[in-house]
file coords23.cif (mmCIF, C-alpha atoms)
data_entry
loop_
_atom_site.label_atom_id
_atom_site.label_comp_id
_atom_site.auth_asym_id
_atom_site.auth_seq_id
_atom_site.Cartn_x
_atom_site.Cartn_y
_atom_site.Cartn_z
CA MET J 1 177.24 228.10 67.77
CA SER J 2 180.26 230.33 67.49
CA GLU J 3 178.57 233.70 67.40
CA GLU J 4 178.94 236.29 70.06
CA MET J 5 175.73 237.58 71.52
CA ASP J 6 174.99 240.74 73.33
CA MET J 7 172.59 239.58 76.00
CA ASP J 8 172.28 242.95 77.66
CA GLU J 9 169.14 244.34 76.05
CA GLY J 10 168.05 246.32 79.09
CA GLY J 11 165.20 243.91 79.70
CA THR J 12 163.36 244.79 76.48
CA VAL J 13 160.86 242.07 75.58
CA LYS J 14 159.32 242.27 72.13
CA LYS J 15 156.77 240.09 70.42
CA PHE J 16 158.58 238.19 67.66
CA MET J 17 156.64 236.11 65.17
CA PHE J 18 158.34 233.81 62.68
CA VAL J 19 156.10 233.06 59.73
CA ASN J 20 156.73 229.77 57.95
CA ARG J 21 155.26 229.65 54.44
CA LYS J 22 157.31 227.08 52.54
CA ALA J 23 157.34 223.30 52.30
CA PRO J 24 160.15 221.76 54.40
CA TYR J 25 162.50 220.31 51.77
CA GLY J 26 161.82 222.04 48.42
CA THR J 27 163.90 225.04 49.48
CA ILE J 28 166.15 225.87 52.44
CA TYR J 29 163.80 228.46 53.93
CA ALA J 30 162.19 226.16 56.49
CA LEU J 31 165.49 224.76 57.78
CA GLU J 32 167.27 228.11 58.02
CA GLY J 33 164.12 229.67 59.45
CA LEU J 34 164.18 227.16 62.26
CA GLU J 35 167.79 228.09 63.00
CA VAL J 36 166.69 231.69 63.61
CA VAL J 37 163.89 230.52 65.88
CA LEU J 38 166.31 228.49 68.02
CA ILE J 39 168.71 231.43 68.38
CA SER J 40 165.86 233.77 69.30
CA ALA J 41 165.13 231.58 72.32
CA ALA J 42 168.39 232.78 73.89
CA PHE J 43 167.17 236.39 73.94
CA ASP J 44 164.20 235.94 76.29
CA GLN J 45 161.71 237.45 73.86
CA ASP J 46 158.00 236.69 73.41
CA VAL J 47 158.38 234.29 70.47
CA SER J 48 155.64 232.69 68.40
CA LEU J 49 155.56 230.73 65.14
CA ALA J 50 152.94 230.90 62.43
CA PHE J 51 152.48 228.24 59.76
CA LEU J 52 150.57 229.00 56.61
CA ASP J 53 150.45 228.14 52.91
CA ASP J 54 152.83 225.20 52.22
CA GLY J 55 154.48 225.97 55.58
CA VAL J 56 151.90 223.70 57.23
CA TYR J 57 153.72 220.75 55.63
CA GLU J 58 156.69 221.50 57.94
CA LEU J 59 154.64 220.08 60.82
CA VAL J 60 153.18 217.00 59.15
CA LYS J 61 153.85 213.67 60.91
CA GLY J 62 155.80 210.84 59.37
CA GLN J 63 158.25 212.78 57.21
CA ASN J 64 160.78 210.57 55.44
CA THR J 65 163.62 212.31 53.59
CA LYS J 66 165.76 209.27 52.83
CA ALA J 67 165.11 209.27 49.07
CA VAL J 68 166.03 212.95 48.67
CA GLU J 69 169.14 212.61 50.85
CA MET J 70 168.29 215.56 53.04
CA LYS J 71 168.30 215.77 56.80
CA ASN J 72 164.88 215.20 58.34
CA PHE J 73 164.68 218.08 60.81
CA SER J 74 161.01 217.69 61.71
CA SER J 75 161.82 216.41 65.22
CA THR J 76 163.22 219.87 66.00
CA TYR J 77 159.69 221.26 66.09
CA ARG J 78 158.95 218.88 68.94
CA ALA J 79 162.00 220.16 70.79
CA LEU J 80 160.84 223.79 70.69
CA GLU J 81 158.94 223.30 73.95
CA GLY J 82 162.30 222.76 75.66
CA TYR J 83 163.32 226.23 74.48
CA ASP J 84 160.16 227.72 75.99
CA ILE J 85 158.75 228.30 72.51
CA GLU J 86 155.20 227.08 72.89
CA LYS J 87 153.09 229.41 70.77
CA LEU J 88 152.59 227.65 67.47
CA TYR J 89 149.75 228.92 65.29
CA VAL J 90 148.53 227.16 62.17
CA GLU J 91 146.17 228.70 59.65
CA ARG J 92 142.97 226.67 59.28
CA GLU J 93 142.42 227.52 55.60
CA SER J 94 145.96 226.37 54.70
CA LEU J 95 145.31 223.01 56.38
CA GLU J 96 141.90 222.56 54.77
CA VAL J 97 142.91 223.22 51.17
CA ARG J 98 145.66 220.62 51.59
CA GLY J 99 143.34 218.00 53.07
CA LEU J 100 145.08 218.15 56.45
CA ASN J 101 143.82 218.54 59.99
CA GLU J 102 145.32 218.97 63.45
CA ASP J 103 145.69 215.19 63.91
CA ASP J 104 148.16 215.10 61.00
CA LEU J 105 150.59 217.40 62.84
CA LEU J 106 153.51 216.29 65.01
CA VAL J 107 153.17 219.00 67.68
CA ASP J 108 150.35 220.64 69.61
CA VAL J 109 149.27 223.80 67.85
CA GLN J 110 146.55 226.39 67.98
CA VAL J 111 144.54 226.49 64.76
CA LEU J 112 143.46 230.00 63.73
CA SER J 113 141.39 231.33 60.85
CA ALA J 114 143.15 233.56 58.33
CA ALA J 115 141.42 236.57 59.88
CA GLU J 116 142.55 235.60 63.40
CA MET J 117 146.07 235.01 62.09
CA GLY J 118 146.01 238.49 60.61
CA GLU J 119 145.07 239.97 63.98
CA MET J 120 147.83 237.96 65.63
CA MET J 121 150.39 239.34 63.16
CA ALA J 122 149.15 242.89 63.62
CA ALA J 123 149.82 242.57 67.36
CA GLN J 124 153.52 241.72 66.87
CA ASP J 125 156.54 244.00 67.20
CA VAL J 126 158.70 242.01 64.78
CA VAL J 127 157.50 239.67 62.03
CA ILE J 128 160.07 237.70 60.07
CA SER J 129 158.80 235.47 57.30
CA PHE J 130 160.52 232.54 55.64
CA MET G 1 163.31 256.20 63.33
CA LYS G 2 165.65 253.21 63.61
CA PHE G 3 165.36 250.69 60.78
CA ALA G 4 166.93 247.25 60.57
CA ILE G 5 166.89 245.53 57.19
CA MET G 6 166.97 241.81 56.41
CA ILE G 7 167.82 240.53 52.91
CA ASN G 8 166.98 236.94 52.07
CA GLU G 9 167.63 236.63 48.34
CA GLY G 10 170.68 236.73 46.10
CA PRO G 11 171.81 239.59 43.84
CA TYR G 12 170.60 239.73 40.21
CA THR G 13 168.45 236.62 40.82
CA HIS G 14 165.75 238.36 42.79
CA GLN G 15 164.55 241.93 43.06
CA ALA G 16 164.56 241.69 46.86
CA ALA G 17 168.30 242.50 46.78
CA ASP G 18 167.66 245.69 44.79
CA SER G 19 164.58 246.73 46.76
CA ALA G 20 166.46 246.42 50.03
CA TYR G 21 169.24 248.68 48.79
CA LEU G 22 166.83 251.28 47.40
CA PHE G 23 164.89 251.17 50.66
CA ALA G 24 168.05 251.66 52.73
CA ARG G 25 169.03 254.64 50.60
CA ALA G 26 165.56 256.16 50.94
CA VAL G 27 165.59 255.67 54.72
CA LEU G 28 168.94 257.45 54.99
CA ALA G 29 167.83 260.25 52.63
CA LYS G 30 164.88 260.95 54.93
CA GLY G 31 167.24 261.34 57.87
CA HIS G 32 166.43 258.05 59.58
CA GLU G 33 168.96 255.58 60.90
CA VAL G 34 169.79 252.14 59.49
CA THR G 35 170.93 250.21 62.55
CA ARG G 36 171.97 247.05 60.73
CA VAL G 37 171.58 245.24 57.41
CA PHE G 38 171.45 241.47 57.88
CA PHE G 39 172.06 239.08 54.99
CA TYR G 40 170.50 235.62 55.26
CA HIS G 41 169.60 232.63 53.04
CA ASP G 42 170.92 233.34 49.50
CA GLY G 43 171.12 236.98 50.54
CA VAL G 44 174.68 236.26 51.73
CA ASN G 45 175.70 236.24 48.05
CA ASN G 46 175.28 240.01 48.05
CA ALA G 47 178.58 240.12 49.95
CA THR G 48 181.05 238.43 47.61
CA ARG G 49 183.63 240.76 46.11
CA LEU G 50 184.18 238.29 43.23
CA THR G 51 180.95 239.46 41.63
CA VAL G 52 181.52 240.83 38.11
CA PRO G 53 178.32 242.04 36.47
CA PRO G 54 178.28 243.31 32.87
CA ALA G 55 179.73 246.84 32.67
CA ASP G 56 176.39 248.42 31.73
CA ASP G 57 174.58 246.94 34.73
CA ARG G 58 174.37 248.06 38.34
CA HIS G 59 177.01 246.61 40.69
CA ILE G 60 174.94 245.36 43.60
CA VAL G 61 177.86 244.35 45.84
CA ASN G 62 179.92 247.50 45.33
CA ARG G 63 176.81 249.59 45.83
CA TRP G 64 176.45 248.19 49.35
CA SER G 65 180.15 248.68 50.12
CA GLU G 66 179.92 252.31 49.03
CA LEU G 67 176.74 252.97 50.99
CA ALA G 68 178.30 251.37 54.06
CA LYS G 69 181.36 253.59 53.76
CA ALA G 70 179.34 256.76 53.26
CA HIS G 71 176.96 256.12 56.18
CA ASP G 72 179.01 253.86 58.43
CA LEU G 73 176.50 251.02 58.01
CA ASP G 74 176.76 247.69 59.79
CA LEU G 75 176.45 245.03 57.05
CA VAL G 76 176.27 241.61 58.69
CA VAL G 77 176.43 238.30 56.84
CA CYS G 78 175.08 235.26 58.70
CA ILE G 79 177.94 232.86 59.35
CA ALA G 80 175.91 229.65 59.08
CA ALA G 81 174.28 230.71 55.80
CA ALA G 82 177.65 231.97 54.52
CA GLN G 83 179.45 228.71 55.29
CA ARG G 84 176.88 226.71 53.34
CA ARG G 85 177.31 228.96 50.31
CA GLY G 86 181.08 229.51 50.27
CA LEU G 87 181.26 233.05 51.65
CA MET G 88 184.37 233.65 53.80
CA ASP G 89 186.40 236.36 55.39
CA GLU G 90 190.09 235.98 56.09
CA ASN G 91 189.69 234.56 59.60
CA GLU G 92 187.05 232.06 58.58
CA ALA G 93 189.13 230.90 55.59
CA LYS G 94 192.06 230.32 57.90
CA ARG G 95 189.90 228.50 60.43
CA GLN G 96 188.39 226.23 57.77
CA GLY G 97 191.71 225.65 55.99
CA LYS G 98 190.49 227.27 52.76
CA ASP G 99 192.87 228.87 50.25
CA ALA G 100 190.84 232.04 49.60
CA ASN G 101 188.32 234.48 50.99
CA ASN G 102 185.80 236.56 49.14
CA ILE G 103 183.98 238.97 51.44
CA ALA G 104 183.58 242.49 50.08
CA PRO G 105 184.68 245.65 51.97
CA GLY G 106 182.21 246.94 54.53
CA PHE G 107 180.65 243.53 55.26
CA ARG G 108 181.35 241.42 58.34
CA ILE G 109 180.47 237.83 59.16
CA SER G 110 178.66 237.13 62.42
CA GLY G 111 175.89 235.07 63.98
CA LEU G 112 172.12 234.97 63.84
CA GLY G 113 171.99 236.64 67.23
CA GLN G 114 172.80 239.86 65.39
CA LEU G 115 169.46 239.61 63.58
CA VAL G 116 167.44 239.09 66.75
CA GLU G 117 169.37 241.88 68.46
CA ALA G 118 168.62 244.21 65.53
CA GLY G 119 164.92 243.36 65.89
CA ILE G 120 165.02 244.24 69.57
CA GLN G 121 166.98 247.46 69.19
CA SER G 122 165.24 248.92 66.11
CA ASP G 123 161.83 250.52 65.69
CA ARG G 124 161.21 248.51 62.51
CA LEU G 125 162.73 245.39 61.02
CA VAL G 126 161.95 245.28 57.31
CA VAL G 127 162.35 241.92 55.54
CA PHE G 128 163.12 241.68 51.81
CA GLY G 129 162.63 238.19 50.45
CA ASP G 130 160.58 235.92 48.26
#

call {"tool": "encode", "arguments": {"input": "coords23.cif", "output": "structure tokens"}}
result
Amino acid sequence: MSEEMDMDEGGTVKKFMFVNRKAPYGTIYALEGLEVVLISAAFDQDVSLAFLDDGVYELVKGQNTKAVEMKNFSSTYRALEGYDIEKLYVERESLEVRGLNEDDLLVDVQVLSAAEMGEMMAAQDVVISF
Amino acid sequence: MKFAIMINEGPYTHQAADSAYLFARAVLAKGHEVTRVFFYHDGVNNATRLTVPPADDRHIVNRWSELAKAHDLDLVVCIAAAQRRGLMDENEAKRQGKDANNIAPGFRISGLGQLVEAGIQSDRLVVFGD
């Protein structure tokens, strides 16, 4: 990455939540959203990720993008732990209406109800949705 | 209050680009501060000076340039998103060996760290997107 970063934030730690709502390959939102998440790790903030609506598909195991000629970036979600990003929340209702459950996902997550997810979002300082 | 603004959609295609501008103007009119406007995803297309809308329509790009000049705004275009979509300033064009640049006055190209930093340093980060 070529960007300059001002790392002197006077020790401010805010709660950042990145909300992922879109399927991984239909649009660029998921991929570019993940780029923001990775950069945020360099700022020592309290970072969490939420997955809801079609965003839950971003975490589904066994993705194969060969036929659409796009880069399969799903392994990056498994690498988040190495960036100390370990709070991944998935909305239960979004999984259920898509016939998915926790075992279908490629990383360990915490499954929350829509109401619990709402409380989680309300407790954040910064919410950025993709 | 200090507001940071994030714009994730392109001009004329999506109302997010208009809403963000109108919001920024309203924030300034109320005497608040706009710490940074960050352009991401297709939002980077708000920064090309080659935009030529019909004469009876609003000029979204020029509108930002004028607002930036009047209020000394920091308009930041994400470099990674810009590179994908053909947005360049003079330095970047030189670096990439391209024969032209197209960034409008008042905008600058920088990294995603500028978004996270804006989230840390502002009281609110308001996201305009789909």

call {"tool": "atom_distance", "arguments": {"input": "coords23.cif", "atom1": "CA of Ala47 (chain G)", "atom2": "CA of Tyr25 (chain J)"}}
result
25.6 Å

call {"tool": "atom_distance", "arguments": {"input": "coords23.cif", "atom1": "CA of Met88 (chain G)", "atom2": "CA of Val61 (chain G)"}}
result
14.8 Å

call {"tool": "residues_near_point", "arguments": {"input": "coords23.cif", "point": "(180.7, 246.8, 46.5)", "cutoff": "12 Å", "atoms": "only C-alpha atoms", "output": "PyMOL selection string"}}
result
chain G and resi 11+21+45-53+58-69+75+102-107

call {"tool": "atom_distance", "arguments": {"input": "coords23.cif", "atom1": "CA of Asp104 (chain J)", "atom2": "CA of Gln45 (chain J)"}}
result
29.1 Å

call {"tool": "resolve_selection", "arguments": {"input": "coords23.cif", "expression": "the PyMOL selection byres ((chain G) within 7 of (chain J))", "output": "MDAnalysis selection string"}}
result
chainID G and resid 110:113 116 119:120 125 127

call {"tool": "resolve_selection", "arguments": {"input": "coords23.cif", "expression": "the PyMOL selection byres ((chain J and resi 61) around 6)", "output": "ChimeraX atom specification"}}
result
/J:60,62-63,104-106

call {"tool": "resolve_selection", "arguments": {"input": "coords23.cif", "expression": "the PyMOL selection byres ((chain G and resi 129) around 7)", "output": "PyMOL selection string"}}
result
chain G and resi 7-9+16+127-128+130

call {"tool": "closest_residue", "arguments": {"input": "coords23.cif", "among": "J:Val19, J:Val47, J:Met121, J:Ala30", "to": "Lys87 (chain J)", "atoms": "only C-alpha atoms"}}
result
J:Val47

call {"tool": "closest_residue", "arguments": {"input": "coords23.cif", "among": "G:Ala93, G:Ile109, G:Val37, G:Cys78", "to": "Phe23 (chain G)", "atoms": "all atoms listed in the file"}}
result
G:Val37

call {"tool": "residues_around", "arguments": {"input": "coords23.cif", "residues": "Leu49 (chain J)", "least_positions_apart": "4", "cutoff": "6 Å", "atoms": "all atoms listed in the file", "output": "number ranges by chain"}}
result
J: 17-19, 88

call {"tool": "write_last_selection", "arguments": {"input": "coords23.cif", "atoms": "C-alpha atoms", "output": "PDB file, in the frame of the given file"}}
result
ATOM      1  CA  MET J  17     156.640 236.110  65.170  1.00  0.00           C
ATOM      2  CA  PHE J  18     158.340 233.810  62.680  1.00  0.00           C
ATOM      3  CA  VAL J  19     156.100 233.060  59.730  1.00  0.00           C
ATOM      4  CA  LEU J  88     152.590 227.650  67.470  1.00  0.00           C
TER       5      LEU J  88
END

call {"tool": "closest_residue", "arguments": {"input": "coords23.cif", "among": "J:Asp46, J:Asp53, J:Glu116, J:Asp108", "to": "Glu81 (chain J)", "atoms": "all atoms listed in the file"}}
result
J:Asp108

call {"tool": "closest_residue", "arguments": {"input": "coords23.cif", "among": "G:Gly10, G:Pro54, G:Gly86, G:Gly31", "to": "Lys98 (chain G)", "atoms": "only C-alpha atoms"}}
result
G:Gly86

call {"tool": "residues_around", "arguments": {"input": "coords23.cif", "residues": "Phe51 (chain J)", "least_positions_apart": "3", "cutoff": "6 Å", "atoms": "all atoms listed in the file", "output": "ChimeraX atom specification"}}
result
/J:20,55-56,90

call {"tool": "residues_around", "arguments": {"input": "coords23.cif", "residues": "Asn64 (chain J)", "least_positions_apart": "3", "cutoff": "12 Å", "atoms": "only C-alpha atoms", "output": "ChimeraX atom specification"}}
result
/J:24-25,58,60-61,67-75

call {"tool": "closest_residue", "arguments": {"input": "coords23.cif", "among": "G:Val34, G:Met1, G:Val44, G:Ala17", "to": "Ala82 (chain G)", "atoms": "all atoms listed in the file"}}
result
G:Val44

call {"tool": "axis_aligned_box", "arguments": {"input": "coords23.cif", "around": "region 27-46 of chain J", "padding_each_side": "4 Å", "output": "AutoDock Vina command-line options"}}
result
--center_x 163.4 --center_y 231.1 --center_z 62.9 --size_x 18.7 --size_y 20.7 --size_z 34.8

call {"tool": "build_atoms", "arguments": {"input": "coords23.cif", "residues": "region 36-47 of chain J", "atoms": "all heavy atoms", "output": "short mmCIF file (atom, residue, chain, number, x, y, z; two decimals), in the coordinates of the input"}}
result
data_model
loop_
_atom_site.label_atom_id
_atom_site.label_comp_id
_atom_site.auth_asym_id
_atom_site.auth_seq_id
_atom_site.Cartn_x
_atom_site.Cartn_y
_atom_site.Cartn_z
N VAL J 36 166.93 230.37 63.01
CA VAL J 36 166.69 231.69 63.61
C VAL J 36 165.81 231.55 64.86
O VAL J 36 166.07 232.17 65.89
CB VAL J 36 166.02 232.65 62.60
CG1 VAL J 36 165.79 234.01 63.26
CG2 VAL J 36 166.87 232.81 61.36
N VAL J 37 164.80 230.72 64.75
CA VAL J 37 163.89 230.52 65.88
C VAL J 37 164.66 230.02 67.11
O VAL J 37 164.48 230.53 68.22
CB VAL J 37 162.78 229.50 65.51
CG1 VAL J 37 161.97 229.11 66.74
CG2 VAL J 37 161.87 230.08 64.42
N LEU J 38 165.55 229.06 66.90
CA LEU J 38 166.31 228.49 68.02
C LEU J 38 167.21 229.53 68.66
O LEU J 38 167.34 229.60 69.89
CB LEU J 38 167.13 227.28 67.55
CG LEU J 38 166.28 226.07 67.09
CD1 LEU J 38 167.17 225.00 66.51
CD2 LEU J 38 165.45 225.51 68.23
N ILE J 39 167.85 230.37 67.84
CA ILE J 39 168.71 231.43 68.38
C ILE J 39 167.88 232.45 69.17
O ILE J 39 168.29 232.93 70.23
CB ILE J 39 169.46 232.16 67.23
CG1 ILE J 39 170.46 231.23 66.55
CG2 ILE J 39 170.15 233.43 67.76
CD1 ILE J 39 171.65 230.85 67.40
N SER J 40 166.68 232.74 68.65
CA SER J 40 165.86 233.77 69.30
C SER J 40 165.51 233.36 70.73
O SER J 40 165.29 234.22 71.59
CB SER J 40 164.58 234.02 68.50
OG SER J 40 163.65 232.96 68.66
N ALA J 41 165.48 232.06 70.98
CA ALA J 41 165.13 231.58 72.32
C ALA J 41 166.12 232.07 73.37
O ALA J 41 165.78 232.20 74.55
CB ALA J 41 165.05 230.06 72.34
N ALA J 42 167.35 232.35 72.95
CA ALA J 42 168.39 232.78 73.89
C ALA J 42 168.21 234.23 74.32
O ALA J 42 168.90 234.70 75.22
CB ALA J 42 169.77 232.59 73.25
N PHE J 43 167.30 234.95 73.66
CA PHE J 43 167.17 236.39 73.94
C PHE J 43 165.98 236.74 74.84
O PHE J 43 165.66 237.91 75.02
CB PHE J 43 167.06 237.16 72.61
CG PHE J 43 168.37 237.31 71.90
CD1 PHE J 43 168.90 236.26 71.17
CD2 PHE J 43 169.09 238.49 71.97
CE1 PHE J 43 170.11 236.39 70.51
CE2 PHE J 43 170.30 238.63 71.33
CZ PHE J 43 170.83 237.58 70.59
N ASP J 44 165.32 235.72 75.37
CA ASP J 44 164.20 235.94 76.29
C ASP J 44 163.14 236.88 75.72
O ASP J 44 162.69 237.80 76.40
CB ASP J 44 164.71 236.49 77.63
CG ASP J 44 165.53 235.45 78.37
OD1 ASP J 44 165.21 234.26 78.22
OD2 ASP J 44 166.48 235.83 79.07
N GLN J 45 162.77 236.65 74.48
CA GLN J 45 161.71 237.45 73.86
C GLN J 45 160.40 236.65 73.85
O GLN J 45 160.38 235.45 74.15
CB GLN J 45 162.12 237.81 72.42
CG GLN J 45 163.40 238.62 72.34
CD GLN J 45 163.28 239.99 72.99
OE1 GLN J 45 162.49 240.80 72.58
NE2 GLN J 45 164.07 240.22 74.04
N ASP J 46 159.31 237.34 73.50
CA ASP J 46 158.00 236.69 73.41
C ASP J 46 157.85 236.12 71.99
O ASP J 46 157.42 236.83 71.08
CB ASP J 46 156.92 237.72 73.73
CG ASP J 46 155.52 237.12 73.72
OD1 ASP J 46 155.39 235.91 73.43
OD2 ASP J 46 154.57 237.86 73.98
N VAL J 47 158.26 234.87 71.82
CA VAL J 47 158.38 234.29 70.47
C VAL J 47 157.17 233.42 70.12
O VAL J 47 156.71 232.63 70.93
CB VAL J 47 159.66 233.43 70.37
CG1 VAL J 47 159.73 232.69 69.04
CG2 VAL J 47 160.90 234.31 70.54
#
